[in-house]
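Colleague: Here you go, this is start-v8.cif (mmCIF, C-alpha atoms).
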```cif
data_entry
loop_
_atom_site.label_atom_id
_atom_site.label_comp_id
_atom_site.auth_asym_id
_atom_site.auth_seq_id
_atom_site.Cartn_x
_atom_site.Cartn_y
_atom_site.Cartn_z
CA MET A 197 78.62 39.24 90.43
CA LYS A 198 82.33 39.85 89.70
CA HIS A 199 81.54 40.51 86.04
CA ASP A 200 78.90 43.04 87.06
CA LEU A 201 81.40 44.94 89.26
CA LEU A 202 84.06 45.30 86.55
CA PRO A 203 82.12 47.71 84.29
CA ARG A 204 81.25 49.87 87.32
CA ILE A 205 84.92 50.12 88.38
CA ALA A 206 85.95 50.93 84.80
CA ALA A 207 83.24 53.64 84.58
CA LEU A 208 84.35 55.09 87.94
CA MET A 209 88.01 55.19 86.86
CA LEU A 210 87.09 56.87 83.58
CA ALA A 211 84.91 59.42 85.37
CA LEU A 212 87.70 60.23 87.84
CA SER A 213 90.35 60.51 85.15
CA GLY A 214 88.14 62.60 82.84
CA PRO A 215 88.66 65.90 84.66
CA GLY A 216 92.38 65.17 84.85
CA ILE A 217 92.53 64.76 81.11
CA ALA A 218 90.54 67.96 80.62
CA ILE A 219 92.81 69.88 83.05
CA TYR A 220 95.92 68.54 81.36
CA ALA A 221 94.57 69.62 77.97
CA GLN A 222 93.96 73.15 79.28
CA ASP A 223 97.47 73.39 80.73
CA SER A 224 99.22 72.36 77.55
CA PRO A 225 101.51 75.16 76.36
CA THR A 226 100.33 77.25 73.46
CA PRO A 227 102.97 78.41 71.03
CA LYS A 228 104.07 81.96 71.84
CA GLN A 229 103.95 84.58 69.15
CA LYS A 230 107.47 85.71 68.31
CA ASP A 231 108.28 89.34 69.16
CA THR A 232 109.20 90.94 65.84
CA ARG A 233 110.06 94.41 67.21
CA THR A 234 113.55 95.68 66.52
CA LEU A 235 115.73 96.83 69.41
CA GLY A 236 115.10 100.43 68.32
CA GLU A 237 111.35 99.90 68.72
CA ARG A 238 111.79 98.44 72.22
CA ILE A 239 114.17 101.06 73.68
CA TRP A 240 113.20 104.63 74.49
CA PHE A 241 115.14 107.60 75.90
CA GLY A 242 114.04 110.55 77.94
CA GLY A 243 114.53 112.61 81.03
CA GLY A 244 114.55 116.15 82.23
CA ILE A 245 116.87 119.13 82.55
CA GLY A 246 116.38 121.99 84.97
CA LEU A 247 118.47 125.17 84.83
CA SER A 248 118.27 128.38 86.83
CA PHE A 249 121.04 130.97 87.18
CA GLY A 250 121.37 134.09 89.30
CA THR A 251 121.42 134.69 93.04
CA VAL A 252 120.08 131.17 93.33
CA THR A 253 121.64 128.70 90.89
CA ALA A 254 120.02 125.33 90.32
CA ILE A 255 121.03 122.61 87.87
CA GLN A 256 119.21 119.30 87.59
CA LEU A 257 119.98 116.51 85.10
CA ASP A 258 117.81 113.37 85.01
CA PRO A 259 118.51 111.16 81.94
CA LEU A 260 116.42 107.97 81.49
CA ILE A 261 116.53 104.88 79.30
CA GLY A 262 113.53 102.58 79.13
CA TYR A 263 112.65 99.22 77.63
CA LYS A 264 109.14 98.35 76.39
CA VAL A 265 108.56 94.98 78.03
CA ASP A 266 105.40 93.89 76.23
CA GLN A 267 104.67 93.96 72.51
CA ALA A 268 101.86 96.49 72.96
CA GLY A 269 104.32 98.94 74.53
CA LYS A 270 102.18 99.48 77.62
CA LEU A 271 104.70 98.29 80.24
CA SER A 272 108.15 99.89 80.39
CA ALA A 273 111.00 99.39 82.83
CA GLY A 274 114.23 101.31 82.94
CA ILE A 275 117.10 103.01 84.68
CA GLY A 276 118.43 106.52 84.94
CA GLY A 277 120.82 108.84 86.66
CA SER A 278 120.30 112.04 88.59
CA TYR A 279 122.54 115.01 89.40
CA TRP A 280 121.44 118.08 91.38
CA TYR A 281 123.43 121.22 92.14
CA PHE A 282 122.00 124.10 94.15
CA ARG A 283 123.74 127.29 95.36
CA ASP A 284 122.03 130.09 97.26
CA ASN A 285 124.16 133.26 97.46
CA ARG A 286 121.74 135.05 99.80
CA TYR A 287 123.56 133.45 102.75
CA VAL A 288 127.08 134.10 104.03
CA PRO A 289 128.73 131.73 103.42
CA ALA A 290 126.66 130.68 100.41
CA TYR A 291 124.60 127.53 100.83
CA ASP A 292 125.81 124.76 98.47
CA PHE A 293 124.08 121.46 97.87
CA LYS A 294 125.17 118.65 95.55
CA ALA A 295 123.42 115.32 95.12
CA TYR A 296 123.80 112.47 92.67
CA GLY A 297 122.34 109.02 92.31
CA TYR A 298 120.51 106.47 90.24
CA ARG A 299 116.94 105.33 89.67
CA THR A 300 115.05 102.26 88.52
CA PHE A 301 111.48 102.67 87.40
CA ALA A 302 108.43 101.06 85.81
CA ARG A 303 105.65 102.74 83.87
CA TYR A 304 102.36 101.28 82.72
CA ARG A 305 100.31 103.10 80.09
CA PHE A 306 96.73 102.25 80.97
CA ILE A 307 95.55 104.49 78.10
CA GLU A 308 97.57 105.97 75.24
CA GLN A 309 98.31 109.30 76.95
CA ALA A 310 98.32 108.39 80.66
CA TYR A 311 100.54 106.14 82.73
CA ALA A 312 101.14 104.93 86.28
CA HIS A 313 104.71 105.35 87.54
CA ALA A 314 106.72 103.61 90.30
CA GLU A 315 110.36 104.49 90.95
CA PHE A 316 113.14 103.74 93.38
CA LEU A 317 115.53 106.71 93.55
CA HIS A 318 118.77 106.37 95.53
CA MET A 319 120.52 109.73 96.10
CA ASN A 320 123.87 110.52 97.69
CA VAL A 321 123.42 113.71 99.76
CA GLU A 322 125.06 115.54 102.63
CA ALA A 323 123.55 114.32 105.91
CA ASN A 324 122.12 117.02 108.18
CA ARG A 325 122.59 119.58 105.40
CA PHE A 326 120.38 122.07 107.22
CA ALA A 327 122.74 122.29 110.22
CA ALA A 328 125.20 125.14 110.67
CA PHE A 329 127.03 125.90 107.40
CA SER A 330 130.47 125.66 109.01
CA GLU A 331 130.05 122.01 109.99
CA ILE A 332 131.52 119.29 107.79
CA GLN A 333 128.64 117.22 106.47
CA PRO A 334 129.17 113.50 105.80
CA ARG A 335 127.62 112.09 102.62
CA ILE A 336 125.01 109.33 102.87
CA TRP A 337 122.80 107.35 100.48
CA VAL A 338 119.10 108.14 100.92
CA PRO A 339 116.29 105.95 99.51
CA HIS A 340 113.18 107.45 97.88
CA LEU A 341 110.14 105.48 96.69
CA LEU A 342 108.18 107.63 94.25
CA LEU A 343 104.67 106.62 93.19
CA GLY A 344 102.26 108.49 90.95
CA ALA A 345 100.97 109.05 87.45
CA GLY A 346 101.76 111.03 84.35
CA TYR A 347 100.48 112.38 81.08
CA VAL A 348 102.34 112.09 77.78
CA GLN A 349 101.69 114.18 74.67
CA PRO A 350 103.14 113.06 71.33
CA LEU A 351 104.91 115.84 69.41
CA GLY A 352 105.36 114.01 66.13
CA GLY A 353 107.58 111.20 64.96
CA ARG A 354 108.82 109.31 68.00
CA SER A 355 109.16 112.36 70.30
CA SER A 356 106.85 113.37 73.12
CA ILE A 357 106.70 115.49 76.26
CA TYR A 358 105.44 114.28 79.61
CA ILE A 359 104.42 115.68 82.97
CA GLN A 360 103.96 113.62 86.11
CA VAL A 361 102.88 113.94 89.72
CA LEU A 362 104.73 111.72 92.19
CA PHE A 363 104.77 111.24 95.96
CA ASP A 364 107.78 110.16 98.05
CA VAL A 365 106.17 107.52 100.26
CA ILE A 366 109.29 106.79 102.37
CA GLN A 367 109.86 110.40 103.56
CA ASP A 368 113.35 109.78 104.99
CA PRO A 369 114.50 112.80 107.09
CA ASN A 370 117.42 113.28 104.68
CA SER A 371 115.21 112.97 101.58
CA ILE A 372 115.61 115.56 98.87
CA TYR A 373 111.78 115.72 98.96
CA PHE A 374 111.31 115.59 102.77
CA ASN A 375 108.05 117.14 104.04
CA ARG A 376 106.89 117.92 100.54
CA GLY A 377 103.55 117.19 99.07
CA PRO A 378 103.22 116.23 95.44
CA ILE A 379 106.35 116.35 93.27
CA PHE A 380 105.65 117.82 89.84
CA SER A 381 108.14 117.04 87.08
CA GLY A 382 108.29 116.72 83.35
CA GLY A 383 110.57 115.99 80.47
CA VAL A 384 111.01 114.85 76.91
CA GLY A 385 110.89 111.31 75.56
CA ILE A 386 112.11 109.75 72.33
CA GLY A 387 110.25 106.54 71.55
CA PHE A 388 108.05 106.55 74.68
#
```
Please express what this file holds, its structure, as structure tokens.

Modeller:
Amino acid sequence: MKHDLLPRIAALMLALSGPGIAIYAQDSPTPKQKDTRTLGERIWFGGGIGLSFGTVTAIQLDPLIGYKVDQAGKLSAGIGGSYWYFRDNRYVPAYDFKAYGYRTFARYRFIEQAYAHAEFLHMNVEANRFAAFSEIQPRIWVPHLLLGAGYVQPLGGRSSIYIQVLFDVIQDPNSIYFNRGPIFSGGVGIGF
């Protein structure tokens, strides 16, 4: 009787350990393919410039630097700066507005010419800038979370132009985009 039980226990132990062996074999690490891209192929530059002079003067500088995370170049992450100057001489005294800040962003190209965009923009602005012009306005940091999509058109070589539509989902009362619908912007990219 004891001899008859031994093969059954051995078969049961083998059956129970079989899936464990199969699972372990599936979890074994596969060798990763080495990324052979040069740093120049991984990094891209871009941004936008806005200029308007006259009764109303507006200057906007938004440089960007991105890094292609995956070898296919679909996912990019990066940083950038932002400077805005606005002066409206139709008022006495003239209305002046200056803002500066930084941004971190991620873009995913789901097809060659279209991408999804997510960005955290942190801008230093004058609080309550729409109050009476004679009041001294303290400066504060205002968060913006911009989500949307864009279209990129290659121009030749590594250069391209892009346009995007973003939405500020935080809508802070001191936001530079407060109470605005879609935000349309564009720029030039080198390597994107």

Colleague: Name the residues in contact with range 362-375 of chain A at a cut-off of 10 Å, using all atoms listed in the file, excluding same-chain residues fewer than 3 positions from it; report them as a PyMOL selection string.

Modeller: chain A and resi 280+295+312-326+336-346+378-381

Colleague: Output the residue selection produced by the PyMOL selection byres ((chain A and resi 309) around 9) on the file above, formatted as a ChimeraX atom specification.

Modeller: /A:305-308,310-311,346-350

Colleague: Measure the distance from CA of Thr232 in chain A to CA of Ser355 in chain A in Å and round it to one decimal.

Modeller: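 Distance reported for this atom pair: 21.9 Å.
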
Colleague: For the file shown, report as a PyMOL selection string the outcome of the PyMOL selection byres ((chain A and resi 256) around 8) at residue level.

Modeller: chain A and resi 244-247+254-255+257-258+278-281

Colleague: How would the residues just chosen look if you wrote them out with C-alpha atoms as a PDB file, keeping the file's coordinate frame?

Modeller:
```
ATOM      1  CA  GLY A 244     114.550 116.150  82.230  1.00  0.00           C
ATOM      2  CA  ILE A 245     116.870 119.130  82.550  1.00  0.00           C
ATOM      3  CA  GLY A 246     116.380 121.990  84.970  1.00  0.00           C
ATOM      4  CA  LEU A 247     118.470 125.170  84.830  1.00  0.00           C
ATOM      5  CA  ALA A 254     120.020 125.330  90.320  1.00  0.00           C
ATOM      6  CA  ILE A 255     121.030 122.610  87.870  1.00  0.00           C
ATOM      7  CA  LEU A 257     119.980 116.510  85.100  1.00  0.00           C
ATOM      8  CA  ASP A 258     117.810 113.370  85.010  1.00  0.00           C
ATOM      9  CA  SER A 278     120.300 112.040  88.590  1.00  0.00           C
ATOM     10  CA  TYR A 279     122.540 115.010  89.400  1.00  0.00           C
ATOM     11  CA  TRP A 280     121.440 118.080  91.380  1.00  0.00           C
ATOM     12  CA  TYR A 281     123.430 121.220  92.140  1.00  0.00           C
TER      13      TYR A 281
END
```

Colleague: List the residues matched by the PyMOL selection byres ((chain A and resi 356) around 10) in the displayed structure as a list in words, ordered by chain and then by residue number.

Modeller: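 That selection, the PyMOL selection byres ((chain A and resi 356) around 10), comes back as Gly242, Val348, Gln349, Pro350, Leu351, Gly352, Gly353, Arg354, Ser355, Ile357, Tyr358, Gly383, Val384, Gly385, Ile386, Gly387 and Phe388 of chain A.
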
Colleague: I need the residue nearest Ile359 in chain A from this list: A:Gly382, A:Gly297, A:Pro289, A:Gly269. Use only C-alpha atoms for the distance.

Modeller: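 Nearest to Ile359 in chain A: A:Gly382.
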
Colleague: Measuring between all atoms listed in the file, which one of A:Arg238, A:Arg286, A:Arg299, A:Lys294 shows the shortest distance to Ser272 in chain A?

Modeller: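 Of A:Arg238, A:Arg286, A:Arg299, A:Lys294, the one nearest Ser272 in chain A is A:Arg238, counting all atoms listed in the file.
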
Colleague: Please return range 336-352 of chain A, rebuilt to N, CA and C atoms, as a PDB file, in the frame of the given file.

Modeller:
```pdb
ATOM      1  N   ILE A 336     125.723 110.587 102.638  1.00  0.00           N
ATOM      2  CA  ILE A 336     125.010 109.330 102.870  1.00  0.00           C
ATOM      3  C   ILE A 336     124.117 109.034 101.663  1.00  0.00           C
ATOM      4  N   TRP A 337     123.750 107.762 101.510  1.00  0.00           N
ATOM      5  CA  TRP A 337     122.800 107.350 100.480  1.00  0.00           C
ATOM      6  C   TRP A 337     121.401 107.348 101.089  1.00  0.00           C
ATOM      7  N   VAL A 338     120.461 108.002 100.418  1.00  0.00           N
ATOM      8  CA  VAL A 338     119.100 108.140 100.920  1.00  0.00           C
ATOM      9  C   VAL A 338     118.116 107.504  99.935  1.00  0.00           C
ATOM     10  N   PRO A 339     117.267 106.574 100.406  1.00  0.00           N
ATOM     11  CA  PRO A 339     116.290 105.950  99.510  1.00  0.00           C
ATOM     12  C   PRO A 339     115.027 106.807  99.361  1.00  0.00           C
ATOM     13  N   HIS A 340     114.454 106.779  98.177  1.00  0.00           N
ATOM     14  CA  HIS A 340     113.180 107.450  97.880  1.00  0.00           C
ATOM     15  C   HIS A 340     112.328 106.454  97.087  1.00  0.00           C
ATOM     16  N   LEU A 341     111.084 106.288  97.457  1.00  0.00           N
ATOM     17  CA  LEU A 341     110.140 105.480  96.690  1.00  0.00           C
ATOM     18  C   LEU A 341     109.070 106.432  96.174  1.00  0.00           C
ATOM     19  N   LEU A 342     109.087 106.658  94.874  1.00  0.00           N
ATOM     20  CA  LEU A 342     108.180 107.630  94.250  1.00  0.00           C
ATOM     21  C   LEU A 342     107.074 106.893  93.506  1.00  0.00           C
ATOM     22  N   LEU A 343     105.834 107.222  93.823  1.00  0.00           N
ATOM     23  CA  LEU A 343     104.670 106.620  93.190  1.00  0.00           C
ATOM     24  C   LEU A 343     103.768 107.720  92.661  1.00  0.00           C
ATOM     25  N   GLY A 344     103.168 107.496  91.497  1.00  0.00           N
ATOM     26  CA  GLY A 344     102.260 108.490  90.950  1.00  0.00           C
ATOM     27  C   GLY A 344     101.815 108.162  89.548  1.00  0.00           C
ATOM     28  N   ALA A 345     101.494 109.215  88.802  1.00  0.00           N
ATOM     29  CA  ALA A 345     100.970 109.050  87.450  1.00  0.00           C
ATOM     30  C   ALA A 345     101.439 110.203  86.584  1.00  0.00           C
ATOM     31  N   GLY A 346     101.322 110.003  85.279  1.00  0.00           N
ATOM     32  CA  GLY A 346     101.760 111.030  84.350  1.00  0.00           C
ATOM     33  C   GLY A 346     100.914 111.091  83.101  1.00  0.00           C
ATOM     34  N   TYR A 347     101.163 112.140  82.339  1.00  0.00           N
ATOM     35  CA  TYR A 347     100.480 112.380  81.080  1.00  0.00           C
ATOM     36  C   TYR A 347     101.532 112.602  80.010  1.00  0.00           C
ATOM     37  N   VAL A 348     101.382 111.949  78.868  1.00  0.00           N
ATOM     38  CA  VAL A 348     102.340 112.090  77.780  1.00  0.00           C
ATOM     39  C   VAL A 348     101.614 112.620  76.541  1.00  0.00           C
ATOM     40  N   GLN A 349     102.254 113.585  75.872  1.00  0.00           N
ATOM     41  CA  GLN A 349     101.690 114.180  74.670  1.00  0.00           C
ATOM     42  C   GLN A 349     102.654 113.999  73.506  1.00  0.00           C
ATOM     43  N   PRO A 350     102.269 113.223  72.491  1.00  0.00           N
ATOM     44  CA  PRO A 350     103.140 113.060  71.330  1.00  0.00           C
ATOM     45  C   PRO A 350     103.359 114.400  70.626  1.00  0.00           C
ATOM     46  N   LEU A 351     104.576 114.613  70.133  1.00  0.00           N
ATOM     47  CA  LEU A 351     104.910 115.840  69.410  1.00  0.00           C
ATOM     48  C   LEU A 351     105.034 115.600  67.909  1.00  0.00           C
ATOM     49  N   GLY A 352     105.159 114.352  67.528  1.00  0.00           N
ATOM     50  CA  GLY A 352     105.360 114.010  66.130  1.00  0.00           C
ATOM     51  C   GLY A 352     106.554 113.078  66.023  1.00  0.00           C
TER      52      GLY A 352
END
```
